[in-house]
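S.K.: Provided herewith is a single structure, encoded as structure tokens, for subsequent inquiry.
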Amino acid sequence: MSGIDTYTIKVALMHNKRTYRNIEIAGSQTFAALHEAIFDAFERYDAHLYSFFFPGKRTKSMRNMFSALEITHPMNVQEMAGMLEKEIHSADKTTIGQMGLKEGDYLYYLFDFGDEWWHELTVLKAEPGSVSVKSLPRVVKKNGPSPEQYPEYDEDEDE
């Protein structure tokens with residue numbers, strides 16, 4: 001097999017950046033595959049809609065994120081077709097390599113539009129590689145425990 005582009009992407013929780021997963025993925029793989037890797041890496045079990053946002057620089061502004069190019073769950077593309085004044089692409093048709101990512105780039109990932117699990121993604125490496133696509137995506141580093149997908153917000157309440 002000839003060399004492929006591989007990316008190592010740090011996926012950190014926005015509210016706790018010390019909890020993160022580094023994921024290695026091939027440029028020929030889709031954002032849907034990256035979503036699945038993140039879903040598994042954070043030990044989630046209940047599927048929801050998701051989107052990746054590309055504001056072009058690191059930001060904390062929700063306005064900048066939501067107005068940026070968006071790659072989203074295929075069902076969301078159908079739902080939002082013609083309703084937005086920005087680019088929106090299907091995660092199952094857009095590959096990592098198509099986005100021209102380079103080391104140091106930031107993008108953002110929103111999982112579950114109701115509970116809003118925000119993540120900051122940092123491209124740590126973007127390089128030619130000879131890793132088999134069959135072995136990717138894969139988690140190459142974990143830091144911090146996976147948070148509960150549905151935390152008990154009222155733990156102190158008496159029953």
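In the structure tokens, the first chain shown is A, the next is B, and so on; residue numbers restart at 1 for each chain, and ligands run from 1 in the order shown.
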So that I can check the surroundings of A:Asp105, please list as a PyMOL selection string every protein, DNA and RNA residue that reaches within 9 Å of it, counting only C-alpha atoms and ignoring chain neighbours fewer than 6 positions away.

M.R.: chain A and resi 56-58+121-124

S.K.: Please produce an output containing N, CA and C atoms for each residue in the selection, written as an mmCIF file, in the first residue's frame.

M.R.:
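Output saved as part-v8.cif:
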data_model
loop_
_atom_site.group_PDB
_atom_site.id
_atom_site.type_symbol
_atom_site.label_atom_id
_atom_site.label_comp_id
_atom_site.auth_asym_id
_atom_site.auth_seq_id
_atom_site.Cartn_x
_atom_site.Cartn_y
_atom_site.Cartn_z
ATOM 1 N N GLY A 56 -11.531 28.971 11.257
ATOM 2 C CA GLY A 56 -10.278 29.475 10.695
ATOM 3 C C GLY A 56 -9.237 29.847 11.734
ATOM 4 N N LYS A 57 -9.653 29.997 12.986
ATOM 5 C CA LYS A 57 -8.709 30.308 14.060
ATOM 6 C C LYS A 57 -9.323 29.863 15.381
ATOM 7 N N ARG A 58 -8.505 29.837 16.400
ATOM 8 C CA ARG A 58 -8.990 29.478 17.728
ATOM 9 C C ARG A 58 -9.954 30.559 18.214
ATOM 10 N N LEU A 121 -10.740 20.892 18.827
ATOM 11 C CA LEU A 121 -9.836 19.975 18.147
ATOM 12 C C LEU A 121 -8.617 20.743 17.651
ATOM 13 N N THR A 122 -7.443 20.180 17.912
ATOM 14 C CA THR A 122 -6.189 20.771 17.476
ATOM 15 C C THR A 122 -5.465 19.756 16.611
ATOM 16 N N VAL A 123 -5.035 20.157 15.431
ATOM 17 C CA VAL A 123 -4.264 19.268 14.576
ATOM 18 C C VAL A 123 -2.825 19.281 15.096
ATOM 19 N N LEU A 124 -2.415 18.161 15.683
ATOM 20 C CA LEU A 124 -1.068 18.041 16.228
ATOM 21 C C LEU A 124 -0.058 17.657 15.152
#

S.K.: Write down as a PyMOL selection string the residues of chain A whose backbone DSSP state falls under strand (DSSP E or B).

M.R.: chain A and resi 4-13+16-26+30+50-54+69-72+88-90+95+106-111+117-129+138-143

S.K.: With only C-alpha atoms as the basis for distance, which of A:Val77, A:Ile38, A:Ile9, A:Leu110 is at the shortest distance from A:Ser146?

M.R.: A:Ile38

S.K.: Excluding stretch 129-144 of chain A and any residue of its chain fewer than 6 positions from it, enumerate the residues within 7 Å of it, using only C-alpha atoms, and give them as a list in words.

M.R.: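 The residues satisfying every condition are Ser2, Gly3, Ile4, Asp5, Thr6, Arg18, Thr19, Tyr20, Arg21, Asn22, Ile23, Glu24, Ile25, Ala26, Ala37 and Ala41 of chain A.
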
S.K.: Go ahead and dump the residues you just picked, N, CA and C atoms, as a CSV table (one decimal), in the first residue's frame.

M.R.:
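As written to disk, out.csv reads:
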chain,number,residue,atom,x,y,z
A,2,SER,N,0.5,2.2,-0.8
A,2,SER,CA,1.3,3.4,-0.8
A,2,SER,C,1.0,4.3,0.4
A,3,GLY,N,1.9,5.3,0.7
A,3,GLY,CA,1.7,6.1,1.8
A,3,GLY,C,0.5,6.9,1.8
A,4,ILE,N,-0.1,7.2,2.9
A,4,ILE,CA,-1.3,8.0,3.0
A,4,ILE,C,-1.1,9.1,3.9
A,5,ASP,N,-1.8,10.2,3.8
A,5,ASP,CA,-1.7,11.3,4.8
A,5,ASP,C,-2.4,10.8,6.1
A,6,THR,N,-1.7,11.1,7.2
A,6,THR,CA,-2.2,10.8,8.5
A,6,THR,C,-2.3,12.0,9.3
A,18,ARG,N,-8.2,19.5,30.1
A,18,ARG,CA,-7.2,18.5,30.5
A,18,ARG,C,-7.8,17.1,30.3
A,19,THR,N,-9.0,17.0,29.9
A,19,THR,CA,-9.6,15.7,29.5
A,19,THR,C,-9.6,15.7,27.9
A,20,TYR,N,-8.8,14.9,27.4
A,20,TYR,CA,-8.7,14.8,25.9
A,20,TYR,C,-8.3,13.5,25.4
A,21,ARG,N,-8.5,13.3,24.1
A,21,ARG,CA,-8.0,12.1,23.4
A,21,ARG,C,-7.3,12.5,22.2
A,22,ASN,N,-6.2,11.9,21.9
A,22,ASN,CA,-5.5,12.1,20.6
A,22,ASN,C,-5.8,11.0,19.7
A,23,ILE,N,-6.3,11.4,18.5
A,23,ILE,CA,-6.8,10.4,17.6
A,23,ILE,C,-6.0,10.5,16.3
A,24,GLU,N,-5.6,9.4,15.8
A,24,GLU,CA,-4.9,9.3,14.5
A,24,GLU,C,-5.9,8.9,13.5
A,25,ILE,N,-6.0,9.6,12.4
A,25,ILE,CA,-6.9,9.3,11.3
A,25,ILE,C,-6.3,9.5,9.9
A,26,ALA,N,-6.8,8.8,9.0
A,26,ALA,CA,-6.2,9.0,7.6
A,26,ALA,C,-7.0,10.1,6.9
A,37,ALA,N,-14.9,7.8,16.0
A,37,ALA,CA,-13.7,7.6,16.9
A,37,ALA,C,-13.8,8.4,18.1
A,41,ALA,N,-14.1,7.0,21.8
A,41,ALA,CA,-13.0,7.4,22.7
A,41,ALA,C,-13.5,8.0,24.0

S.K.: Within 12 Å of A:Ser51, counting only C-alpha atoms, which residues show up once you throw out same-chain ones fewer than 6 positions away? Write them as a JSON list (two decimals) with N, CA and C atoms, in the first residue's frame, please.

M.R.:
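File selection_31.json, as written:
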[["chain", "number", "residue", "atom", "x", "y", "z"],
["A", 31, "PHE", "N", -15.27, 12.67, 7.99],
["A", 31, "PHE", "CA", -15.57, 13.27, 9.29],
["A", 31, "PHE", "C", -16.57, 12.40, 10.06],
["A", 32, "ALA", "N", -17.36, 11.60, 9.37],
["A", 32, "ALA", "CA", -18.23, 10.64, 10.07],
["A", 32, "ALA", "C", -17.37, 9.62, 10.81],
["A", 34, "LEU", "N", -14.33, 10.21, 11.93],
["A", 34, "LEU", "CA", -13.74, 10.94, 13.06],
["A", 34, "LEU", "C", -14.77, 11.05, 14.18],
["A", 35, "HIS", "N", -16.00, 11.37, 13.84],
["A", 35, "HIS", "CA", -17.07, 11.42, 14.85],
["A", 35, "HIS", "C", -17.16, 10.09, 15.60],
["A", 65, "MET", "N", -18.18, 30.37, 15.70],
["A", 65, "MET", "CA", -18.30, 28.94, 15.41],
["A", 65, "MET", "C", -19.50, 28.66, 14.52],
["A", 66, "PHE", "N", -20.68, 29.16, 14.93],
["A", 66, "PHE", "CA", -21.90, 28.85, 14.21],
["A", 66, "PHE", "C", -21.96, 29.48, 12.81],
["A", 68, "ALA", "N", -19.32, 29.69, 10.86],
["A", 68, "ALA", "CA", -18.22, 29.10, 10.08],
["A", 68, "ALA", "C", -18.71, 27.95, 9.20],
["A", 69, "LEU", "N", -17.87, 27.55, 8.27],
["A", 69, "LEU", "CA", -18.14, 26.36, 7.46],
["A", 69, "LEU", "C", -18.45, 25.21, 8.41],
["A", 70, "GLU", "N", -19.44, 24.40, 8.06],
["A", 70, "GLU", "CA", -19.89, 23.32, 8.94],
["A", 70, "GLU", "C", -19.93, 22.00, 8.18],
["A", 71, "ILE", "N", -19.42, 20.97, 8.84],
["A", 71, "ILE", "CA", -19.54, 19.60, 8.34],
["A", 71, "ILE", "C", -20.38, 18.87, 9.39],
["A", 72, "THR", "N", -21.49, 18.28, 8.96],
["A", 72, "THR", "CA", -22.46, 17.80, 9.93],
["A", 72, "THR", "C", -23.01, 16.41, 9.59],
["A", 73, "HIS", "N", -23.71, 15.87, 10.54],
["A", 73, "HIS", "CA", -24.39, 14.58, 10.39],
["A", 73, "HIS", "C", -25.24, 14.61, 9.13],
["A", 74, "PRO", "N", -25.25, 13.54, 8.34],
["A", 74, "PRO", "CA", -26.03, 13.54, 7.09],
["A", 74, "PRO", "C", -27.50, 13.91, 7.27],
["A", 75, "MET", "N", -28.14, 13.49, 8.35],
["A", 75, "MET", "CA", -29.54, 13.85, 8.58],
["A", 75, "MET", "C", -29.70, 15.34, 8.79],
["A", 76, "ASN", "N", -28.72, 15.98, 9.39],
["A", 76, "ASN", "CA", -28.78, 17.41, 9.63],
["A", 76, "ASN", "C", -28.64, 18.19, 8.32],
["A", 77, "VAL", "N", -27.85, 17.68, 7.39],
["A", 77, "VAL", "CA", -27.71, 18.33, 6.08],
["A", 77, "VAL", "C", -29.07, 18.39, 5.40],
["A", 88, "ILE", "N", -22.50, 24.18, 4.27],
["A", 88, "ILE", "CA", -22.74, 23.04, 5.15],
["A", 88, "ILE", "C", -22.53, 21.78, 4.32],
["A", 89, "HIS", "N", -21.74, 20.84, 4.87],
["A", 89, "HIS", "CA", -21.38, 19.63, 4.13],
["A", 89, "HIS", "C", -21.70, 18.40, 4.95],
["A", 90, "SER", "N", -21.91, 17.29, 4.28],
["A", 90, "SER", "CA", -22.22, 16.03, 4.94],
["A", 90, "SER", "C", -20.94, 15.37, 5.45],
["A", 91, "ALA", "N", -20.96, 14.93, 6.71],
["A", 91, "ALA", "CA", -19.80, 14.29, 7.32],
["A", 91, "ALA", "C", -19.47, 12.96, 6.66],
["A", 92, "ASP", "N", -20.44, 12.29, 6.07],
["A", 92, "ASP", "CA", -20.15, 11.00, 5.45],
["A", 92, "ASP", "C", -19.63, 11.14, 4.01],
["A", 107, "LEU", "N", -10.32, 23.39, 15.06],
["A", 107, "LEU", "CA", -11.70, 23.26, 14.63],
["A", 107, "LEU", "C", -12.50, 22.85, 15.86],
["A", 108, "TYR", "N", -13.80, 22.85, 15.72],
["A", 108, "TYR", "CA", -14.66, 22.60, 16.88],
["A", 108, "TYR", "C", -15.69, 21.55, 16.52],
["A", 109, "TYR", "N", -16.04, 20.76, 17.52],
["A", 109, "TYR", "CA", -16.96, 19.63, 17.35],
["A", 109, "TYR", "C", -18.05, 19.75, 18.41],
["A", 110, "LEU", "N", -19.28, 19.71, 17.95],
["A", 110, "LEU", "CA", -20.43, 19.73, 18.84],
["A", 110, "LEU", "C", -21.16, 18.41, 18.71],
["A", 111, "PHE", "N", -21.27, 17.70, 19.83],
["A", 111, "PHE", "CA", -22.00, 16.44, 19.88],
["A", 111, "PHE", "C", -23.23, 16.65, 20.74],
["A", 112, "ASP", "N", -24.37, 16.24, 20.23],
["A", 112, "ASP", "CA", -25.65, 16.31, 20.93],
["A", 112, "ASP", "C", -26.10, 17.77, 21.03],
["A", 113, "PHE", "N", -26.92, 18.18, 20.09],
["A", 113, "PHE", "CA", -27.36, 19.57, 20.00],
["A", 113, "PHE", "C", -28.19, 20.01, 21.20],
["A", 116, "GLU", "N", -25.28, 19.68, 24.26],
["A", 116, "GLU", "CA", -24.14, 20.50, 23.80],
["A", 116, "GLU", "C", -22.80, 20.12, 24.42],
["A", 117, "TRP", "N", -22.28, 18.99, 23.98],
["A", 117, "TRP", "CA", -20.92, 18.59, 24.35],
["A", 117, "TRP", "C", -19.96, 19.23, 23.34],
["A", 118, "TRP", "N", -19.35, 20.34, 23.72],
["A", 118, "TRP", "CA", -18.41, 21.05, 22.84],
["A", 118, "TRP", "C", -16.99, 20.53, 23.05],
["A", 119, "HIS", "N", -16.26, 20.41, 21.95],
["A", 119, "HIS", "CA", -14.88, 19.96, 21.96],
["A", 119, "HIS", "C", -14.04, 20.90, 21.09]]

S.K.: Using atom CA of A:Arg44 and atom CA of A:Lys102 as the two end points, give the distance in Å to one decimal.

M.R.: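 These two atoms are separated by 28.0 Å.
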
S.K.: Could you pull out the alpha helix (DSSP H) residues of stretch 46-146 of chain A, going by DSSP on the backbone, and write them as a PyMOL selection string?

M.R.: chain A and resi 62-67+74-80

S.K.: Could you state the separation of atom CA of A:Gly97 and atom CA of A:Gln29 in Å, given to one decimal place?

M.R.: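 Separation between atom CA of A:Gly97 and atom CA of A:Gln29: 7.8 Å.
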
S.K.: For A:Ser28, which residue among A:Pro55, A:Gly114, A:Pro128, A:Gly104 is the nearest when counting only C-alpha atoms?

M.R.: A:Pro128

S.K.: Please, what distance in Å, to one decimal, runs between atom CA of A:Tyr7 and atom CA of A:Phe42?

M.R.: 18.9 Å

S.K.: Point out the residue among A:Lys17, A:Glu36, A:Glu85, A:Met99 with the least atom-to-atom distance to A:Tyr50, counting only C-alpha atoms.

M.R.: A:Glu36

S.K.: Restricting the calculation to only C-alpha atoms: of A:Ser61, A:Phe39, A:Tyr150, A:Glu120, which residue gets closest to A:His15?

M.R.: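 Comparing A:Ser61, A:Phe39, A:Tyr150, A:Glu120 against A:His15, the winner is A:Glu120.
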